[in-house]
$ cat upload39.cif   # mmCIF, C-alpha atoms
data_protein
#
loop_
_atom_site.label_atom_id
_atom_site.label_comp_id
_atom_site.auth_asym_id
_atom_site.auth_seq_id
_atom_site.Cartn_x
_atom_site.Cartn_y
_atom_site.Cartn_z
CA MET A 194 4.80 7.82 20.25
CA GLU A 195 2.62 7.24 23.29
CA TRP A 196 -0.60 8.14 21.48
CA GLU A 197 0.30 5.72 18.71
CA PHE A 198 0.67 2.86 21.18
CA GLU A 199 -2.73 3.83 22.63
CA ILE A 200 -4.31 3.36 19.19
CA LEU A 201 -2.49 0.06 18.66
CA ASP A 202 -3.49 -1.16 22.11
CA PHE A 203 -7.12 -0.23 21.42
CA LEU A 204 -6.99 -2.30 18.22
CA GLN A 205 -5.58 -5.18 20.28
CA SER A 206 -8.58 -4.89 22.60
CA ILE A 207 -11.08 -5.48 19.78
CA HIS A 208 -9.46 -8.66 18.45
CA SER A 209 -11.91 -11.44 17.67
CA PRO A 210 -11.56 -14.65 15.66
CA VAL A 211 -13.75 -13.35 12.82
CA LEU A 212 -12.06 -9.94 12.65
CA THR A 213 -8.64 -11.59 12.76
CA LYS A 214 -9.57 -13.80 9.78
CA VAL A 215 -10.79 -10.78 7.80
CA MET A 216 -7.69 -8.76 8.64
CA SER A 217 -5.44 -11.73 7.84
CA PHE A 218 -7.00 -11.98 4.39
CA VAL A 219 -6.66 -8.23 3.79
CA THR A 220 -3.02 -8.17 4.90
CA PHE A 221 -2.33 -11.29 2.77
CA LEU A 222 -3.58 -9.41 -0.31
CA GLY A 223 -0.86 -6.83 0.28
CA GLU A 224 2.05 -9.29 0.57
CA ALA A 225 4.67 -8.13 -1.95
CA GLY A 226 1.89 -6.16 -3.68
CA TRP A 227 0.88 -9.30 -5.58
CA CYS A 228 -2.82 -8.45 -5.86
CA TRP A 229 -2.04 -4.95 -7.19
CA ILE A 230 0.52 -6.30 -9.66
CA LEU A 231 -2.00 -8.89 -10.84
CA LEU A 232 -4.69 -6.21 -11.18
CA GLY A 233 -2.32 -3.99 -13.16
CA LEU A 234 -1.41 -6.87 -15.49
CA MET A 235 -5.07 -7.81 -15.99
CA LEU A 236 -6.00 -4.23 -16.84
CA LEU A 237 -3.00 -3.97 -19.16
CA CYS A 238 -4.36 -6.93 -21.15
CA MET A 239 -7.68 -5.15 -21.82
CA ARG A 240 -7.51 -2.51 -24.53
CA LYS A 241 -10.11 -0.32 -22.81
CA HIS A 242 -8.20 -0.34 -19.50
CA ARG A 243 -4.61 -0.49 -20.77
CA PHE A 244 -3.79 3.05 -19.61
CA ALA A 245 -5.02 2.28 -16.08
CA GLY A 246 -3.05 -0.99 -15.97
CA ALA A 247 0.14 0.73 -17.08
CA ALA A 248 -0.46 3.52 -14.54
CA VAL A 249 -0.90 0.99 -11.71
CA LEU A 250 2.29 -0.86 -12.65
CA ALA A 251 4.28 2.37 -12.99
CA ALA A 252 2.93 3.55 -9.62
CA LEU A 253 4.01 0.28 -8.01
CA ILE A 254 7.53 0.71 -9.39
CA PHE A 255 7.69 4.24 -7.95
CA ASP A 256 6.30 2.84 -4.70
CA PHE A 257 8.89 0.06 -4.47
CA VAL A 258 11.81 2.42 -5.05
CA ALA A 259 10.50 5.12 -2.69
CA ALA A 260 9.41 2.82 0.16
CA ASN A 261 11.83 -0.09 0.11
CA MET A 262 14.97 1.44 -1.34
CA ILE A 263 14.83 4.99 0.03
CA LEU A 264 12.44 5.69 2.93
CA LYS A 265 12.62 2.50 5.02
CA PRO A 266 16.45 2.42 5.16
CA LEU A 267 16.70 6.20 5.54
CA VAL A 268 14.22 6.53 8.43
CA ALA A 269 15.05 3.11 9.97
CA ARG A 270 12.10 3.24 12.36
CA PRO A 271 11.65 0.15 14.56
CA ARG A 272 8.32 -1.63 14.35
CA PRO A 273 5.92 -1.46 17.31
CA CYS A 274 6.21 -5.23 17.79
CA TRP A 275 9.99 -4.85 18.13
CA ILE A 276 9.52 -2.27 20.88
CA ASN A 277 6.65 -3.94 22.76
CA GLU A 278 7.56 -7.60 22.62
CA SER A 279 4.77 -8.59 25.02
CA ILE A 280 2.19 -8.60 22.21
CA GLU A 281 1.22 -12.02 20.89
CA MET A 282 1.94 -11.82 17.18
CA LEU A 283 -0.70 -13.25 14.86
CA VAL A 284 1.37 -12.71 11.71
CA ARG A 285 5.00 -13.22 10.81
CA VAL A 286 7.12 -10.43 12.27
CA PRO A 287 8.54 -8.41 9.36
CA GLU A 288 12.30 -8.01 9.23
CA ASP A 289 12.45 -4.62 7.51
CA TYR A 290 11.78 -1.23 9.08
CA SER A 291 8.38 0.21 9.87
CA PHE A 292 8.21 3.62 8.14
CA PRO A 293 6.32 3.86 5.85
CA SER A 294 3.89 0.94 5.73
CA GLY A 295 4.75 -0.84 2.49
CA HIS A 296 1.40 -2.67 2.31
CA THR A 297 -0.46 0.61 2.73
CA MET A 298 1.78 2.55 0.37
CA ALA A 299 1.46 0.00 -2.44
CA SER A 300 -2.31 -0.16 -1.93
CA PHE A 301 -2.72 3.60 -2.12
CA ALA A 302 -0.30 3.80 -5.06
CA ALA A 303 -2.47 1.37 -7.03
CA ALA A 304 -5.72 3.01 -5.89
CA GLY A 305 -4.39 6.48 -6.68
CA ALA A 306 -3.21 5.40 -10.12
CA LEU A 307 -6.66 3.97 -10.84
CA LEU A 308 -8.37 7.18 -9.78
CA PHE A 309 -5.93 9.41 -11.67
CA ALA A 310 -6.43 7.17 -14.73
CA GLY A 311 -10.18 7.84 -14.58
CA GLN A 312 -11.21 4.43 -13.23
CA LYS A 313 -13.66 5.77 -10.63
CA MET A 314 -15.48 2.55 -9.75
CA ILE A 315 -12.42 0.27 -9.52
CA GLY A 316 -10.44 3.10 -7.93
CA THR A 317 -13.05 3.68 -5.22
CA GLY A 318 -13.05 -0.03 -4.36
CA ALA A 319 -9.25 0.02 -4.29
CA VAL A 320 -9.27 3.00 -1.91
CA PHE A 321 -11.60 1.11 0.42
CA LEU A 322 -9.27 -1.91 0.32
CA ALA A 323 -6.24 0.36 0.85
CA ILE A 324 -7.86 1.82 3.99
CA LEU A 325 -8.55 -1.69 5.29
CA MET A 326 -4.96 -2.62 4.45
CA GLY A 327 -3.63 0.18 6.65
CA ILE A 328 -5.96 -0.77 9.49
CA SER A 329 -4.90 -4.42 9.20
CA ARG A 330 -1.25 -3.48 9.58
CA MET A 331 -2.01 -1.65 12.84
CA TYR A 332 -4.37 -4.43 13.94
CA PHE A 333 -1.45 -6.87 13.70
CA TYR A 334 0.86 -4.48 15.58
CA VAL A 335 3.43 -4.25 12.79
CA HIS A 336 2.97 -0.55 11.98
CA PHE A 337 2.38 2.67 13.85
CA PRO A 338 -0.52 4.91 12.77
CA THR A 339 1.95 7.44 11.34
CA ASP A 340 3.56 4.66 9.25
CA VAL A 341 0.14 3.97 7.76
CA LEU A 342 -0.68 7.66 7.25
CA ALA A 343 2.66 8.25 5.54
CA GLY A 344 2.13 5.15 3.42
CA ALA A 345 -1.24 6.50 2.28
CA ILE A 346 0.17 9.93 1.41
CA PHE A 347 3.32 8.68 -0.33
CA GLY A 348 1.25 6.00 -2.06
CA LEU A 349 -1.13 8.55 -3.53
CA VAL A 350 1.86 10.57 -4.74
CA CYS A 351 3.26 7.44 -6.42
CA GLY A 352 -0.17 6.79 -7.95
CA GLY A 353 -0.24 10.29 -9.39
CA LEU A 354 3.32 9.98 -10.68
CA GLY A 355 2.52 6.65 -12.31
CA ALA A 356 -0.50 8.08 -14.12
CA VAL A 357 1.41 11.20 -15.22
CA LEU A 358 4.35 9.16 -16.52
CA VAL A 359 2.13 6.81 -18.52
CA LYS A 360 0.16 9.78 -19.92
CA LYS A 361 3.41 11.49 -21.00
CA LEU A 362 4.66 8.29 -22.64
CA GLN A 363 1.28 7.86 -24.34
CA ASP A 364 1.44 11.47 -25.63
CA ILE A 365 4.97 10.94 -26.97
CA ARG A 366 3.89 7.75 -28.73
CA THR A 367 0.82 9.45 -30.22
CA LYS A 368 2.89 12.42 -31.38
CA ARG A 369 5.51 10.12 -32.96
CA ASN A 370 2.80 8.12 -34.77
CA TYR A 371 1.21 11.36 -35.97
CA LEU A 372 4.45 12.56 -37.52
#
$ encode --input "upload39.cif" --output "structure tokens"
Amino acid sequence: MEWEFEILDFLQSIHSPVLTKVMSFVTFLGEAGWCWILLGLMLLCMRKHRFAGAAVLAALIFDFVAANMILKPLVARPRPCWINESIEMLVRVPEDYSFPSGHTMASFAAAGALLFAGQKMIGTGAVFLAILMGISRMYFYVHFPTDVLAGAIFGLVCGGLGAVLVKKLQDIRTKRNYL
């Protein structure tokens, strides 16, 4: 864990008012996954992007169950800010466990679903935002680097599962309408 604290301490050393505002905005976007839920709902309302919207929402459901109901309680990893209490916190200290990063996992779940659904342009932008999301969580000392890495990996898996599930449901519906 020592190397992880070195990374977190380095990020503490580059704090600036402008960077803190940017990171605050990025981390705010990930609160409860609201921006990804909103994006999924917006896409769902557009006929051309309905598959992608459904994939994002399905991925976020997989993400919620995997991260919040299974992994966080199972691993029960303390947050870095709980261990090193000398850090001045710039965000509210989360009350749940650290592993995996929920903000990061939801972001990569949505981004992965978009990419797996064939939405290259939106998906690429979402991946960029997901990377920033993970960095913001370390910047604010609420997640270890391995929490963020695991969140990215598990998130992409959830994104893939969401897209596969929606595709299977779409195929069943098409087959039923064909018969």
$ closest_residue --input "upload39.cif" --among "A:Arg270, A:Lys214, A:His296, A:Lys241" --to "Ala323 in chain A" --atoms "all atoms listed in the file"
A:His296
$ resolve_selection --input "upload39.cif" --expression "the PyMOL selection byres ((chain A and resi 284) around 12)" --output "VMD selection string"
chain A and resid 213 to 214 216 to 218 220 to 221 224 274 280 to 283 285 to 287 329 to 335
$ write_last_selection --input "upload39.cif" --atoms "C-alpha atoms" --output "PDB file, in the coordinates of the input"
ATOM      1  CA  THR A 213      -8.640 -11.590  12.760  1.00  0.00           C
ATOM      2  CA  LYS A 214      -9.570 -13.800   9.780  1.00  0.00           C
ATOM      3  CA  MET A 216      -7.690  -8.760   8.640  1.00  0.00           C
ATOM      4  CA  SER A 217      -5.440 -11.730   7.840  1.00  0.00           C
ATOM      5  CA  PHE A 218      -7.000 -11.980   4.390  1.00  0.00           C
ATOM      6  CA  THR A 220      -3.020  -8.170   4.900  1.00  0.00           C
ATOM      7  CA  PHE A 221      -2.330 -11.290   2.770  1.00  0.00           C
ATOM      8  CA  GLU A 224       2.050  -9.290   0.570  1.00  0.00           C
ATOM      9  CA  CYS A 274       6.210  -5.230  17.790  1.00  0.00           C
ATOM     10  CA  ILE A 280       2.190  -8.600  22.210  1.00  0.00           C
ATOM     11  CA  GLU A 281       1.220 -12.020  20.890  1.00  0.00           C
ATOM     12  CA  MET A 282       1.940 -11.820  17.180  1.00  0.00           C
ATOM     13  CA  LEU A 283      -0.700 -13.250  14.860  1.00  0.00           C
ATOM     14  CA  ARG A 285       5.000 -13.220  10.810  1.00  0.00           C
ATOM     15  CA  VAL A 286       7.120 -10.430  12.270  1.00  0.00           C
ATOM     16  CA  PRO A 287       8.540  -8.410   9.360  1.00  0.00           C
ATOM     17  CA  SER A 329      -4.900  -4.420   9.200  1.00  0.00           C
ATOM     18  CA  ARG A 330      -1.250  -3.480   9.580  1.00  0.00           C
ATOM     19  CA  MET A 331      -2.010  -1.650  12.840  1.00  0.00           C
ATOM     20  CA  TYR A 332      -4.370  -4.430  13.940  1.00  0.00           C
ATOM     21  CA  PHE A 333      -1.450  -6.870  13.700  1.00  0.00           C
ATOM     22  CA  TYR A 334       0.860  -4.480  15.580  1.00  0.00           C
ATOM     23  CA  VAL A 335       3.430  -4.250  12.790  1.00  0.00           C
TER      24      VAL A 335
END
$ closest_residue --input "upload39.cif" --among "A:Gly353, A:Pro266, A:Gly295, A:Pro271" --to "Gly223 in chain A" --atoms "all atoms listed in the file"
A:Gly295
$ atom_distance --input "upload39.cif" --atom1 "CA of Asp364 in chain A" --atom2 "CA of Ala251 in chain A"
15.8 Å
$ resolve_selection --input "upload39.cif" --expression "the PyMOL selection byres ((chain A and resi 246) around 7)" --output "compact mmCIF listing (two decimals) with C-alpha atoms, in the frame of the given file"
# COMPACT_ATOMS: atom_id res chain seq x y z
CA GLY A 233 -2.32 -3.99 -13.16
CA LEU A 234 -1.41 -6.87 -15.49
CA LEU A 236 -6.00 -4.23 -16.84
CA LEU A 237 -3.00 -3.97 -19.16
CA HIS A 242 -8.20 -0.34 -19.50
CA ARG A 243 -4.61 -0.49 -20.77
CA PHE A 244 -3.79 3.05 -19.61
CA ALA A 245 -5.02 2.28 -16.08
CA ALA A 247 0.14 0.73 -17.08
CA ALA A 248 -0.46 3.52 -14.54
CA VAL A 249 -0.90 0.99 -11.71
CA LEU A 250 2.29 -0.86 -12.65
$ closest_residue --input "upload39.cif" --among "A:Leu231, A:Ile365, A:Leu201, A:Leu307" --to "Phe337 in chain A" --atoms "all atoms listed in the file"
A:Leu201
$ residues_around --input "upload39.cif" --residues "Ala252 in chain A" --least-positions-apart "6" --cutoff "12 Å" --atoms "all atoms listed in the file" --output "MDAnalysis selection string"
chainID A and resid 226 229:230 233 245:246 258:260 298:310 347:359
$ write_last_selection --input "upload39.cif" --atoms "C-alpha atoms" --output "mmCIF file, keeping the file's coordinate frame"
data_model
loop_
_atom_site.group_PDB
_atom_site.id
_atom_site.type_symbol
_atom_site.label_atom_id
_atom_site.label_comp_id
_atom_site.auth_asym_id
_atom_site.auth_seq_id
_atom_site.Cartn_x
_atom_site.Cartn_y
_atom_site.Cartn_z
ATOM 1 C CA GLY A 226 1.890 -6.160 -3.680
ATOM 2 C CA TRP A 229 -2.040 -4.950 -7.190
ATOM 3 C CA ILE A 230 0.520 -6.300 -9.660
ATOM 4 C CA GLY A 233 -2.320 -3.990 -13.160
ATOM 5 C CA ALA A 245 -5.020 2.280 -16.080
ATOM 6 C CA GLY A 246 -3.050 -0.990 -15.970
ATOM 7 C CA VAL A 258 11.810 2.420 -5.050
ATOM 8 C CA ALA A 259 10.500 5.120 -2.690
ATOM 9 C CA ALA A 260 9.410 2.820 0.160
ATOM 10 C CA MET A 298 1.780 2.550 0.370
ATOM 11 C CA ALA A 299 1.460 0.000 -2.440
ATOM 12 C CA SER A 300 -2.310 -0.160 -1.930
ATOM 13 C CA PHE A 301 -2.720 3.600 -2.120
ATOM 14 C CA ALA A 302 -0.300 3.800 -5.060
ATOM 15 C CA ALA A 303 -2.470 1.370 -7.030
ATOM 16 C CA ALA A 304 -5.720 3.010 -5.890
ATOM 17 C CA GLY A 305 -4.390 6.480 -6.680
ATOM 18 C CA ALA A 306 -3.210 5.400 -10.120
ATOM 19 C CA LEU A 307 -6.660 3.970 -10.840
ATOM 20 C CA LEU A 308 -8.370 7.180 -9.780
ATOM 21 C CA PHE A 309 -5.930 9.410 -11.670
ATOM 22 C CA ALA A 310 -6.430 7.170 -14.730
ATOM 23 C CA PHE A 347 3.320 8.680 -0.330
ATOM 24 C CA GLY A 348 1.250 6.000 -2.060
ATOM 25 C CA LEU A 349 -1.130 8.550 -3.530
ATOM 26 C CA VAL A 350 1.860 10.570 -4.740
ATOM 27 C CA CYS A 351 3.260 7.440 -6.420
ATOM 28 C CA GLY A 352 -0.170 6.790 -7.950
ATOM 29 C CA GLY A 353 -0.240 10.290 -9.390
ATOM 30 C CA LEU A 354 3.320 9.980 -10.680
ATOM 31 C CA GLY A 355 2.520 6.650 -12.310
ATOM 32 C CA ALA A 356 -0.500 8.080 -14.120
ATOM 33 C CA VAL A 357 1.410 11.200 -15.220
ATOM 34 C CA LEU A 358 4.350 9.160 -16.520
ATOM 35 C CA VAL A 359 2.130 6.810 -18.520
#
